[in-house]
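To be precise, the following lines are structure.csv, and they hold CSV, C-alpha atoms and all ligand atoms.
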chain,number,residue,atom,x,y,z
A,26,MET,CA,12.0,-27.9,3.0
A,27,PRO,CA,8.9,-29.6,1.7
A,28,ARG,CA,6.0,-27.4,2.6
A,29,ASP,CA,3.2,-29.5,1.2
A,30,ARG,CA,3.5,-32.6,3.3
A,31,THR,CA,1.7,-33.3,6.4
A,32,ASP,CA,3.5,-36.4,7.6
A,33,GLY,CA,4.9,-34.9,10.7
A,34,MET,CA,8.4,-34.3,11.9
A,35,SER,CA,10.4,-36.7,9.7
A,36,ALA,CA,10.1,-34.3,6.8
A,37,ALA,CA,11.9,-31.7,8.7
A,38,ALA,CA,15.1,-33.6,8.5
A,39,GLU,CA,15.1,-33.7,4.7
A,40,THR,CA,16.7,-31.3,2.4
A,41,PRO,CA,14.5,-28.6,0.8
A,42,ARG,CA,12.5,-29.4,-2.3
A,43,THR,CA,13.7,-27.8,-5.5
A,44,ASN,CA,11.0,-25.7,-7.2
A,45,LEU,CA,11.3,-26.7,-10.9
A,46,LEU,CA,10.0,-23.3,-11.9
A,47,GLY,CA,13.3,-21.8,-10.7
A,48,LEU,CA,15.6,-23.7,-13.1
A,49,PRO,CA,16.5,-22.5,-16.6
A,50,LYS,CA,17.5,-25.3,-19.0
A,51,ALA,CA,21.2,-25.5,-18.2
A,52,GLU,CA,20.5,-25.7,-14.4
A,53,LEU,CA,17.7,-28.2,-14.9
A,54,GLU,CA,20.1,-30.3,-16.9
A,55,SER,CA,22.6,-30.4,-14.1
A,56,TYR,CA,19.9,-31.0,-11.6
A,57,VAL,CA,18.7,-34.0,-13.7
A,58,ALA,CA,22.3,-35.2,-13.9
A,59,GLU,CA,22.7,-35.0,-10.2
A,60,LEU,CA,19.7,-37.3,-9.9
A,61,GLY,CA,21.6,-39.7,-12.2
A,62,SER,CA,19.5,-39.2,-15.3
A,63,LYS,CA,20.3,-38.2,-18.9
A,64,PRO,CA,20.2,-34.5,-19.8
A,65,PHE,CA,17.3,-35.0,-22.3
A,66,ARG,CA,15.1,-35.6,-19.3
A,67,ALA,CA,15.4,-31.8,-18.7
A,68,ARG,CA,13.9,-31.2,-22.1
A,69,GLN,CA,11.0,-33.5,-21.3
A,70,VAL,CA,10.3,-31.8,-18.0
A,71,MET,CA,10.4,-28.4,-19.7
A,72,ASN,CA,8.0,-29.6,-22.3
A,73,TRP,CA,5.5,-30.6,-19.6
A,74,LEU,CA,6.0,-27.4,-17.6
A,75,TYR,CA,6.0,-24.8,-20.3
A,76,LYS,CA,4.3,-26.3,-23.3
A,77,ARG,CA,1.6,-28.4,-21.7
A,78,GLY,CA,1.1,-26.5,-18.4
A,79,GLU,CA,1.4,-29.6,-16.2
A,80,GLY,CA,2.2,-28.8,-12.6
A,81,ASP,CA,1.8,-32.3,-11.2
A,82,ILE,CA,5.1,-34.2,-11.5
A,83,ALA,CA,3.4,-37.5,-11.0
A,84,SER,CA,1.4,-36.8,-14.2
A,85,MET,CA,4.5,-36.3,-16.4
A,86,THR,CA,3.9,-39.7,-17.8
A,87,ASP,CA,6.7,-40.1,-20.3
A,88,LEU,CA,9.4,-39.7,-17.7
A,89,ALA,CA,11.1,-42.9,-16.8
A,90,LYS,CA,9.4,-44.4,-13.8
A,91,ASP,CA,12.1,-44.2,-11.2
A,92,PHE,CA,13.3,-40.8,-12.3
A,93,ARG,CA,9.7,-39.6,-12.0
A,94,ALA,CA,9.5,-41.1,-8.5
A,95,GLN,CA,12.7,-39.4,-7.5
A,96,LEU,CA,11.4,-36.0,-8.8
A,97,VAL,CA,8.2,-36.4,-7.0
A,98,GLN,CA,10.2,-36.8,-3.8
A,99,ARG,CA,12.8,-34.2,-4.2
A,100,ALA,CA,11.2,-31.5,-6.4
A,101,GLU,CA,8.0,-29.6,-6.7
A,102,VAL,CA,6.2,-27.2,-8.9
A,103,LYS,CA,5.2,-24.5,-6.5
A,104,LEU,CA,3.1,-21.6,-7.5
A,105,PRO,CA,2.2,-18.3,-5.8
A,106,GLU,CA,-1.2,-18.3,-4.2
A,107,ILE,CA,-4.0,-16.2,-5.7
A,108,VAL,CA,-5.3,-14.1,-2.9
A,109,LYS,CA,-7.8,-12.1,-5.0
A,110,THR,CA,-8.9,-11.8,-8.6
A,111,GLN,CA,-10.5,-8.7,-10.1
A,112,VAL,CA,-11.8,-8.3,-13.6
A,113,ALA,CA,-12.3,-4.7,-14.9
A,114,SER,CA,-15.2,-3.9,-17.2
A,115,ASP,CA,-12.8,-3.7,-20.2
A,116,GLY,CA,-11.6,-7.2,-19.4
A,117,THR,CA,-8.3,-6.3,-17.7
A,118,ARG,CA,-7.5,-8.8,-15.0
A,119,LYS,CA,-5.7,-8.0,-11.7
A,120,TRP,CA,-4.5,-10.8,-9.5
A,121,LEU,CA,-3.2,-10.3,-6.0
A,122,LEU,CA,-0.6,-13.0,-5.3
A,123,SER,CA,1.3,-14.1,-2.3
A,124,GLY,CA,4.1,-16.5,-1.8
A,125,GLU,CA,4.5,-18.9,1.1
A,126,GLU,CA,7.2,-17.4,3.2
A,127,ASP,CA,10.0,-19.7,4.2
A,128,ARG,CA,9.5,-19.5,7.9
A,129,GLY,CA,8.6,-21.7,10.7
A,130,THR,CA,6.8,-20.1,13.6
A,131,LEU,CA,6.7,-21.7,17.0
A,132,CYS,CA,3.8,-20.7,19.2
A,133,ILE,CA,4.5,-21.0,22.8
A,134,SER,CA,2.7,-20.6,26.1
A,135,SER,CA,3.5,-18.5,29.1
A,136,GLN,CA,0.9,-19.8,31.6
A,137,VAL,CA,-1.2,-22.8,32.3
A,138,GLY,CA,-4.7,-21.4,31.8
A,139,CYS,CA,-5.4,-17.7,32.0
A,140,VAL,CA,-7.1,-15.3,34.4
A,141,LEU,CA,-8.3,-12.9,31.7
A,142,ASP,CA,-11.6,-14.4,30.7
A,143,CYS,CA,-11.8,-13.2,27.1
A,144,SER,CA,-15.2,-14.5,26.0
A,145,PHE,CA,-14.1,-16.1,22.7
A,146,CYS,CA,-11.0,-17.9,24.0
A,147,SER,CA,-11.2,-21.5,25.1
A,148,THR,CA,-8.2,-21.1,27.4
A,149,ALA,CA,-10.3,-18.7,29.5
A,150,GLN,CA,-12.8,-21.5,30.2
A,151,GLN,CA,-10.3,-23.6,32.0
A,152,GLY,CA,-9.4,-20.8,34.4
A,153,PHE,CA,-6.0,-20.1,35.7
A,154,ASN,CA,-3.7,-22.8,37.0
A,155,ARG,CA,-0.2,-21.3,37.3
A,156,ASN,CA,2.6,-19.4,35.7
A,157,LEU,CA,5.2,-21.3,33.7
A,158,THR,CA,8.8,-20.9,34.9
A,159,THR,CA,11.4,-19.3,32.7
A,160,ALA,CA,12.9,-22.7,32.2
A,161,GLU,CA,9.6,-24.1,31.1
A,162,ILE,CA,9.1,-21.3,28.6
A,163,VAL,CA,12.6,-21.7,27.2
A,164,GLY,CA,12.2,-25.5,27.4
A,165,GLN,CA,9.3,-25.4,24.9
A,166,VAL,CA,11.6,-23.9,22.3
A,167,TRP,CA,14.4,-26.1,23.1
A,168,LEU,CA,12.2,-29.2,22.9
A,169,ALA,CA,10.6,-28.2,19.7
A,170,ASN,CA,14.0,-27.5,18.1
A,171,LYS,CA,15.3,-30.9,19.3
A,172,GLU,CA,12.3,-32.7,17.9
A,173,LEU,CA,12.9,-30.9,14.6
A,174,GLY,CA,16.5,-32.2,14.4
A,175,TRP,CA,18.2,-29.3,16.2
A,176,LYS,CA,18.7,-26.9,13.4
A,177,VAL,CA,20.4,-23.5,14.1
A,178,GLY,CA,21.9,-20.6,12.2
A,179,ASP,CA,21.1,-20.6,8.5
A,180,ASP,CA,19.5,-24.0,8.7
A,181,ARG,CA,17.1,-23.0,11.4
A,182,ILE,CA,13.6,-24.3,11.1
A,183,ILE,CA,12.2,-22.2,13.9
A,184,THR,CA,12.6,-18.8,12.5
A,185,ASN,CA,10.0,-17.0,14.5
A,186,ILE,CA,8.7,-17.3,18.1
A,187,VAL,CA,5.3,-16.0,19.1
A,188,LEU,CA,4.0,-15.9,22.7
A,189,MET,CA,0.5,-16.6,21.5
A,190,GLY,CA,-0.2,-19.9,23.2
A,191,MET,CA,-1.9,-20.3,26.5
A,192,GLY,CA,-1.8,-17.5,29.0
A,193,GLU,CA,-1.1,-13.7,29.2
A,194,PRO,CA,2.6,-13.2,28.9
A,195,LEU,CA,2.6,-9.8,30.6
A,196,ALA,CA,0.8,-11.3,33.6
A,197,ASN,CA,3.9,-13.6,34.0
A,198,PHE,CA,6.3,-10.8,33.4
A,199,ARG,CA,9.0,-12.0,35.8
A,200,ASN,CA,9.5,-15.3,34.0
A,201,VAL,CA,8.7,-14.2,30.4
A,202,ILE,CA,11.3,-11.4,30.2
A,203,PRO,CA,14.3,-13.7,30.9
A,204,ALA,CA,13.0,-16.2,28.4
A,205,ILE,CA,12.7,-13.6,25.7
A,206,LYS,CA,16.3,-12.5,26.5
A,207,ILE,CA,17.5,-16.1,25.8
A,208,PHE,CA,15.5,-16.2,22.5
A,209,LEU,CA,17.2,-13.0,21.4
A,210,ASP,CA,20.7,-13.6,22.7
A,211,ASP,CA,23.3,-14.5,20.1
A,212,LEU,CA,24.6,-17.1,22.6
A,213,GLY,CA,21.0,-18.3,22.9
A,214,PHE,CA,18.6,-19.0,20.1
A,215,ASP,CA,19.8,-15.8,18.3
A,216,ILE,CA,16.4,-14.9,16.8
A,217,SER,CA,16.1,-11.3,15.6
A,218,ARG,CA,14.0,-9.0,17.6
A,219,ARG,CA,11.5,-8.5,14.9
A,220,ARG,CA,10.9,-12.3,14.9
A,221,VAL,CA,10.0,-12.7,18.5
A,222,THR,CA,6.5,-11.5,19.2
A,223,LEU,CA,4.8,-11.0,22.5
A,224,SER,CA,1.1,-10.9,22.2
A,225,THR,CA,-0.9,-9.2,25.0
A,226,SER,CA,-4.6,-8.6,25.7
A,227,GLY,CA,-3.6,-5.1,26.9
A,228,LEU,CA,-2.0,-4.9,30.4
A,229,VAL,CA,-1.1,-1.3,29.9
A,230,PRO,CA,1.3,-0.7,32.9
A,231,GLN,CA,3.3,-3.8,31.9
A,232,ILE,CA,3.6,-2.6,28.3
A,233,TYR,CA,5.4,0.5,29.7
A,234,LYS,CA,7.6,-1.9,31.8
A,235,LEU,CA,8.2,-4.1,28.8
A,236,ALA,CA,9.6,-1.1,26.9
A,237,GLU,CA,12.3,-0.8,29.5
A,238,GLU,CA,13.2,-4.4,29.6
A,239,VAL,CA,13.5,-6.1,26.2
A,240,ASN,CA,13.3,-5.3,22.5
A,241,CYS,CA,10.9,-7.6,20.7
A,242,ALA,CA,7.9,-7.2,18.5
A,243,LEU,CA,4.6,-6.4,20.1
A,244,ALA,CA,1.1,-7.7,19.1
A,245,VAL,CA,-2.0,-6.5,20.8
A,246,SER,CA,-5.3,-8.3,21.0
A,247,LEU,CA,-7.7,-5.5,20.0
A,248,HIS,CA,-10.7,-7.4,18.7
A,249,ALA,CA,-13.1,-4.5,18.9
A,250,PRO,CA,-13.1,-0.9,17.6
A,251,ASN,CA,-14.9,0.7,20.6
A,252,ASP,CA,-14.8,0.4,24.3
A,253,ASP,CA,-18.4,-0.9,24.7
A,254,LEU,CA,-17.7,-3.9,22.5
A,255,ARG,CA,-14.2,-4.5,23.8
A,256,ASN,CA,-15.4,-4.4,27.4
A,257,GLU,CA,-17.5,-7.4,26.5
A,258,LEU,CA,-15.0,-9.3,24.5
A,259,VAL,CA,-11.8,-8.5,26.3
A,260,PRO,CA,-12.8,-7.6,29.9
A,261,ILE,CA,-9.4,-6.2,30.9
A,262,ASN,CA,-10.6,-3.2,28.7
A,263,ARG,CA,-12.7,-2.1,31.7
A,264,LYS,CA,-9.5,-1.4,33.5
A,265,HIS,CA,-7.4,-0.1,30.6
A,266,ASN,CA,-9.4,1.3,27.8
A,267,ILE,CA,-8.6,1.5,24.1
A,268,ALA,CA,-7.2,5.0,24.2
A,269,GLU,CA,-4.8,4.2,27.1
A,270,LEU,CA,-3.8,1.0,25.3
A,271,LEU,CA,-3.0,2.7,22.1
A,272,GLU,CA,-1.0,5.3,23.9
A,273,ALA,CA,1.1,2.6,25.5
A,274,CYS,CA,1.7,1.0,22.1
A,275,TRP,CA,3.0,4.1,20.5
A,276,HIS,CA,5.2,4.7,23.6
A,277,TYR,CA,6.6,1.2,23.2
A,278,LEU,CA,7.5,1.8,19.5
A,279,ASP,CA,9.1,5.1,20.4
A,280,GLU,CA,11.2,3.5,23.1
A,281,GLN,CA,12.2,0.5,21.0
A,282,ASN,CA,12.6,2.2,17.7
A,283,GLY,CA,10.0,-0.3,16.5
A,284,ARG,CA,8.2,0.0,13.1
A,285,SER,CA,4.7,-1.1,14.0
A,286,VAL,CA,2.5,-2.8,16.4
A,287,THR,CA,0.4,-5.7,15.1
A,288,PHE,CA,-3.3,-5.6,16.2
A,289,GLU,CA,-5.0,-8.9,16.3
A,290,TYR,CA,-8.7,-8.9,15.5
A,291,VAL,CA,-10.7,-12.1,15.8
A,292,MET,CA,-13.6,-12.3,13.3
A,293,LEU,CA,-16.8,-13.1,15.1
A,294,ASP,CA,-19.9,-13.5,13.0
A,295,GLY,CA,-22.3,-10.7,13.5
A,296,VAL,CA,-20.4,-9.4,16.6
A,297,ASN,CA,-17.5,-7.3,15.4
A,298,ASP,CA,-17.3,-8.0,11.7
A,299,GLN,CA,-19.7,-5.4,10.2
A,300,PRO,CA,-18.5,-2.7,7.7
A,301,ASP,CA,-19.2,-0.1,10.4
A,302,HIS,CA,-16.8,-1.8,12.7
A,303,ALA,CA,-14.2,-1.7,10.0
A,304,ARG,CA,-14.8,2.1,9.6
A,305,GLN,CA,-14.4,2.7,13.3
A,306,LEU,CA,-11.3,0.6,13.4
A,307,ALA,CA,-9.8,2.5,10.5
A,308,LYS,CA,-10.5,5.8,12.3
A,309,LEU,CA,-8.7,4.5,15.3
A,310,LEU,CA,-5.5,3.3,13.5
A,311,ARG,CA,-5.3,5.3,10.3
A,312,GLY,CA,-1.9,7.0,9.9
A,313,LYS,CA,-0.6,5.2,12.9
A,314,PRO,CA,2.3,2.6,12.9
A,315,ALA,CA,-0.1,-0.3,12.9
A,316,LYS,CA,-0.7,-3.5,11.1
A,317,LEU,CA,-3.9,-5.4,11.4
A,318,ASN,CA,-4.1,-9.2,11.6
A,319,LEU,CA,-7.6,-10.6,11.1
A,320,ILE,CA,-8.0,-14.0,12.8
A,321,PRO,CA,-10.9,-16.2,11.7
A,322,PHE,CA,-12.5,-17.3,14.9
A,323,ASN,CA,-11.7,-20.9,15.9
A,324,PRO,CA,-14.7,-22.5,17.6
A,325,PHE,CA,-14.5,-24.8,20.6
A,326,PRO,CA,-17.2,-26.8,22.4
A,327,GLY,CA,-19.7,-24.6,24.3
A,328,THR,CA,-18.9,-21.3,22.6
A,329,GLN,CA,-21.7,-18.9,21.7
A,330,TYR,CA,-19.7,-17.5,18.8
A,331,ARG,CA,-19.4,-18.4,15.1
A,332,ARG,CA,-16.6,-17.7,12.7
A,333,SER,CA,-17.4,-14.9,10.2
A,334,PRO,CA,-18.0,-16.2,6.7
A,335,GLN,CA,-15.0,-15.8,4.4
A,336,ALA,CA,-16.8,-13.2,2.3
A,337,ALA,CA,-17.4,-11.1,5.4
A,338,ILE,CA,-13.8,-11.3,6.4
A,339,GLU,CA,-12.6,-10.3,3.0
A,340,ARG,CA,-15.1,-7.4,2.8
A,341,PHE,CA,-13.8,-6.3,6.3
A,342,ARG,CA,-10.3,-6.4,5.0
A,343,ASP,CA,-11.2,-4.5,1.9
A,344,GLU,CA,-12.9,-1.7,3.9
A,345,LEU,CA,-9.7,-1.4,5.9
A,346,MET,CA,-7.4,-1.5,2.9
A,347,GLN,CA,-9.4,1.2,1.2
A,348,ARG,CA,-8.6,3.3,4.2
A,349,ASP,CA,-4.8,2.7,3.8
A,350,LEU,CA,-4.4,0.2,6.6
A,351,ILE,CA,-2.1,-2.8,6.3
A,352,VAL,CA,-4.2,-5.9,6.8
A,353,THR,CA,-3.5,-9.6,6.7
A,354,ILE,CA,-5.8,-12.5,7.3
A,355,ARG,CA,-4.3,-15.1,9.5
A,356,LYS,CA,-4.3,-18.6,8.0
A,357,THR,CA,-6.0,-21.0,10.2
A,358,ARG,CA,-3.7,-23.9,10.9
A,359,GLY,CA,-3.9,-27.0,13.0
A,360,ASP,CA,-7.6,-26.7,13.9
A,361,ASP,CA,-8.2,-30.4,13.3
A,362,ILE,CA,-6.1,-31.1,16.4
A,363,ASP,CA,-7.4,-28.1,18.3
A,364,ALA,CA,-4.0,-26.4,17.8
A,365,ALA,CA,-5.3,-23.2,16.2
A,366,CYS,CA,-5.5,-19.8,18.0
A,367,GLY,CA,-7.7,-19.9,21.0
A,368,GLN,CA,-8.2,-23.7,21.0
A,369,LEU,CA,-5.5,-24.5,23.5
A,370,ALA,CA,-7.2,-26.0,26.5
A,371,GLY,CA,-8.7,-29.1,27.8
A,372,GLN,CA,-7.4,-32.1,29.7
A,373,VAL,CA,-3.8,-31.5,28.7
A,374,THR,CA,-2.6,-28.6,30.7
A,375,ASP,CA,-0.2,-27.0,28.3
A,376,ARG,CA,0.3,-27.3,24.6
A,377,THR,CA,2.9,-25.9,22.3
A,378,VAL,CA,2.3,-25.6,18.6
A,379,VAL,CA,4.9,-25.3,15.9
A,380,ARG,CA,3.6,-23.9,12.7
A,381,LEU,CA,5.9,-24.4,9.8
A,382,GLY,CA,4.8,-23.2,6.4
A,383,SER,CA,1.8,-25.3,5.6
A,384,LYS,CA,2.8,-27.9,8.2
A,385,THR,CA,1.9,-27.8,11.8
A,386,PHE,CA,3.6,-29.7,14.6
A,387,GLY,CA,2.0,-30.0,18.0
A,388,LEU,CA,3.6,-31.1,21.1
A,389,GLN,CA,2.0,-31.3,24.5
A,390,VAL,CA,3.5,-30.7,27.9
A,391,ARG,CA,1.8,-31.9,31.0
A,392,ALA,CA,2.3,-29.6,33.9
A,401,LIG,N1,-3.0,-13.5,26.1
A,401,LIG,C1,-2.4,-13.1,24.9
A,401,LIG,C2,-1.9,-14.2,24.0
A,401,LIG,C3,-2.8,-15.4,23.8
A,401,LIG,S1,-3.8,-15.7,22.5
A,401,LIG,C4,-3.3,-12.2,24.1
A,401,LIG,O1,-4.4,-12.1,24.5
A,401,LIG,O2,-2.9,-11.6,23.1
A,401,LIG,C5,-3.2,-15.3,20.9
A,401,LIG,C6,-4.3,-14.7,20.0
A,401,LIG,O3,-5.3,-15.6,19.7
A,401,LIG,C7,-4.9,-13.5,20.7
A,401,LIG,O4,-5.1,-12.5,19.8
A,401,LIG,C8,-6.3,-14.1,21.1
A,401,LIG,O5,-7.2,-13.1,21.3
A,401,LIG,C9,-6.6,-15.0,19.9
A,401,LIG,N2,-7.7,-15.9,20.2
A,401,LIG,C10,-8.1,-16.4,21.4
A,401,LIG,N3,-9.1,-17.2,21.2
A,401,LIG,C11,-9.3,-17.3,19.9
A,401,LIG,C12,-10.2,-18.1,19.1
A,401,LIG,N4,-11.1,-18.9,19.6
A,401,LIG,N5,-10.2,-18.0,17.8
A,401,LIG,C13,-9.2,-17.2,17.2
A,401,LIG,N6,-8.4,-16.5,17.9
A,401,LIG,C14,-8.4,-16.5,19.2
Starting from the coordinates I provided, produce the structure as structure tokens.
Ligand code: SAH
Amino acid sequence: MPRDRTDGMSAAAETPRTNLLGLPKAELESYVAELGSKPFRARQVMNWLYKRGEGDIASMTDLAKDFRAQLVQRAEVKLPEIVKTQVASDGTRKWLLSGEEDRGTLCISSQVGCVLDCSFCSTAQQGFNRNLTTAEIVGQVWLANKELGWKVGDDRIITNIVLMGMGEPLANFRNVIPAIKIFLDDLGFDISRRRVTLSTSGLVPQIYKLAEEVNCALAVSLHAPNDDLRNELVPINRKHNIAELLEACWHYLDEQNGRSVTFEYVMLDGVNDQPDHARQLAKLLRGKPAKLNLIPFNPFPGTQYRRSPQAAIERFRDELMQRDLIVTIRKTRGDDIDAACGQLAGQVTDRTVVRLGSKTFGLQVRA
């Protein structure tokens, strides 16, 4: 599916774009023929791609006009993204590349508002309204899938579900567990257990309970490498400290045969983003079945925090990687409609966000 368009849901119903870089001559010729053009067009396209280095189909000026228009619509020249470039003193260059994964992640809510009062989260500011019912939680996925043209099986658009919207899922245990069962059930949404992720701020007793009830991926909002700082950012830490929390995580993996827990870490300028924090964090997680996901802070009105500069985030990541940790930086998506992490709040009482490749769909549910 076209990943580079932002024109909303209509695109979801279209067939995937063909990446021209994946077609050798014979295949490009039959592709061109399928579009109703002469085989020599394939030669022209290859000339643009491989002799002239043109990646923009619209600029391939000697292609017949309507053939070009068709190509622009149905094909693409899609490149891996350069994450990092290094040049050695002898001139050797090293590029770190990443491809856009073909996945669509639906981020759903478990509560209207939240009781937990994390200082950097806008949901906290609206306070707690109520738990969502199981039907309301499942309904978010059902509705999103319906809006996207109801694709299931190999055609599915929603490939991953994350409980990272509003609320603390483990504080609504009773309703969240049956919803997760429906996401996983092959008679239900039939999503694999590694692609359904429950994110928690760290309700330790409920993590133990979770281990007995369902088998899904676990993410934990860590955000600080020591108890002093975490007490401030994630106040539930005063009840269940980092050591207890980590123990519960490893127990969860043991019980579930899980590979790793993802630790979320919001990057707050000057608060938790210094090299020393990275070193402390590495000490905490080194050699453990852990992945770290750094989340650039998403600001909201009235917040005291600022997002760490990109350079600080990358330096933080590098400090961790040098210490053998697996680290990713979360791509911020949907912030122009307040749909990014931690921005779900306001007059509308519940929002569900679908993130699909580079596209983001938002839908709002009034409670
Ligand atoms: N209550 C659950 C799930 C909700 S939030 C939990 O705490 O994990 C999903 C993720 O977004 C959490 O890691 C949360 O800490 C993070 N988050 C909250 N506010 C944010 C903000 N303003 N910017 C970036 N991430 C934020």
Selection near Ile186 of chain A, 9 Å with all atoms listed in the file, sequence-local residues under 2 positions removed, as a ChimeraX atom specification: /A:129-133,166,183-184,188-189,208,216,220-223
Expected answer as a PyMOL selection string: residues within 6 Å of ligand LIG 401 (chain A), all atoms listed in the file: chain A and resi 145-146+189-193+224-226+245-246+289+291+320-324+366-368
Shell around segment 329-339 of chain A at 10 Å using all atoms listed in the file, local window under 4 positions removed, as number ranges by chain: A: 109, 144-145, 291-300, 319-325, 343-345, 353-354
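Across the model, the gap from atom CA of Val201 of chain A to atom CA of Ser285 of chain A is 21.4 Å.
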Skipping near chain neighbours, those fewer than 2 positions away, what residues fall within 9 Å of Ala67 of chain A using all atoms listed in the file, listed as a JSON list (two decimals) with C-alpha atoms, in the frame of the given file?
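Done, and the output landed in around_7.json:
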[["chain", "number", "residue", "atom", "x", "y", "z"],
["A", 50, "LYS", "CA", 17.50, -25.30, -19.00],
["A", 51, "ALA", "CA", 21.20, -25.50, -18.20],
["A", 53, "LEU", "CA", 17.70, -28.20, -14.90],
["A", 54, "GLU", "CA", 20.10, -30.30, -16.90],
["A", 55, "SER", "CA", 22.60, -30.40, -14.10],
["A", 56, "TYR", "CA", 19.90, -31.00, -11.60],
["A", 57, "VAL", "CA", 18.70, -34.00, -13.70],
["A", 63, "LYS", "CA", 20.30, -38.20, -18.90],
["A", 64, "PRO", "CA", 20.20, -34.50, -19.80],
["A", 65, "PHE", "CA", 17.30, -35.00, -22.30],
["A", 69, "GLN", "CA", 11.00, -33.50, -21.30],
["A", 70, "VAL", "CA", 10.30, -31.80, -18.00],
["A", 71, "MET", "CA", 10.40, -28.40, -19.70],
["A", 72, "ASN", "CA", 8.00, -29.60, -22.30]]
Return as a Markdown table the residues of segment 201-233 of chain A lying at most 12 Å from segment 168-177 of chain A, together with the closest atom-to-atom pair for each and the distance in Å to one decimal, counting all atoms listed in the file, with rows in chain order and ascending residue number.
| residue | atom | partner | partner_atom | distance |
| --- | --- | --- | --- | --- |
| A:Asp211 | CA | A:Val177 | CA | 11.2 |
| A:Leu212 | CA | A:Val177 | CA | 11.4 |
| A:Gly213 | CA | A:Val177 | CA | 10.2 |
| A:Phe214 | CA | A:Val177 | CA | 7.7 |
| A:Asp215 | CA | A:Val177 | CA | 8.8 |
| A:Ile216 | CA | A:Val177 | CA | 9.9 |
One-decimal distance in Å that lies between atom CA of Thr158 of chain A and atom CA of Pro260 of chain A: 25.9 Å
Distance criterion (only C-alpha atoms): nearest to Pro49 of chain A out of A:Glu272, A:Leu122, A:Gly80, A:Tyr75: A:Tyr75
Exercise: segment 88-93 of chain A partners within 9 Å, all atoms listed in the file, chain neighbours under 5 positions left out, as a ChimeraX atom specification: /A:57,60-62,66,69-70,82-83,98
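Closest approach to Glu238 of chain A among A:Glu101, A:Asp253, A:Asp180, A:Glu280: A:Glu280, based on all atoms listed in the file.
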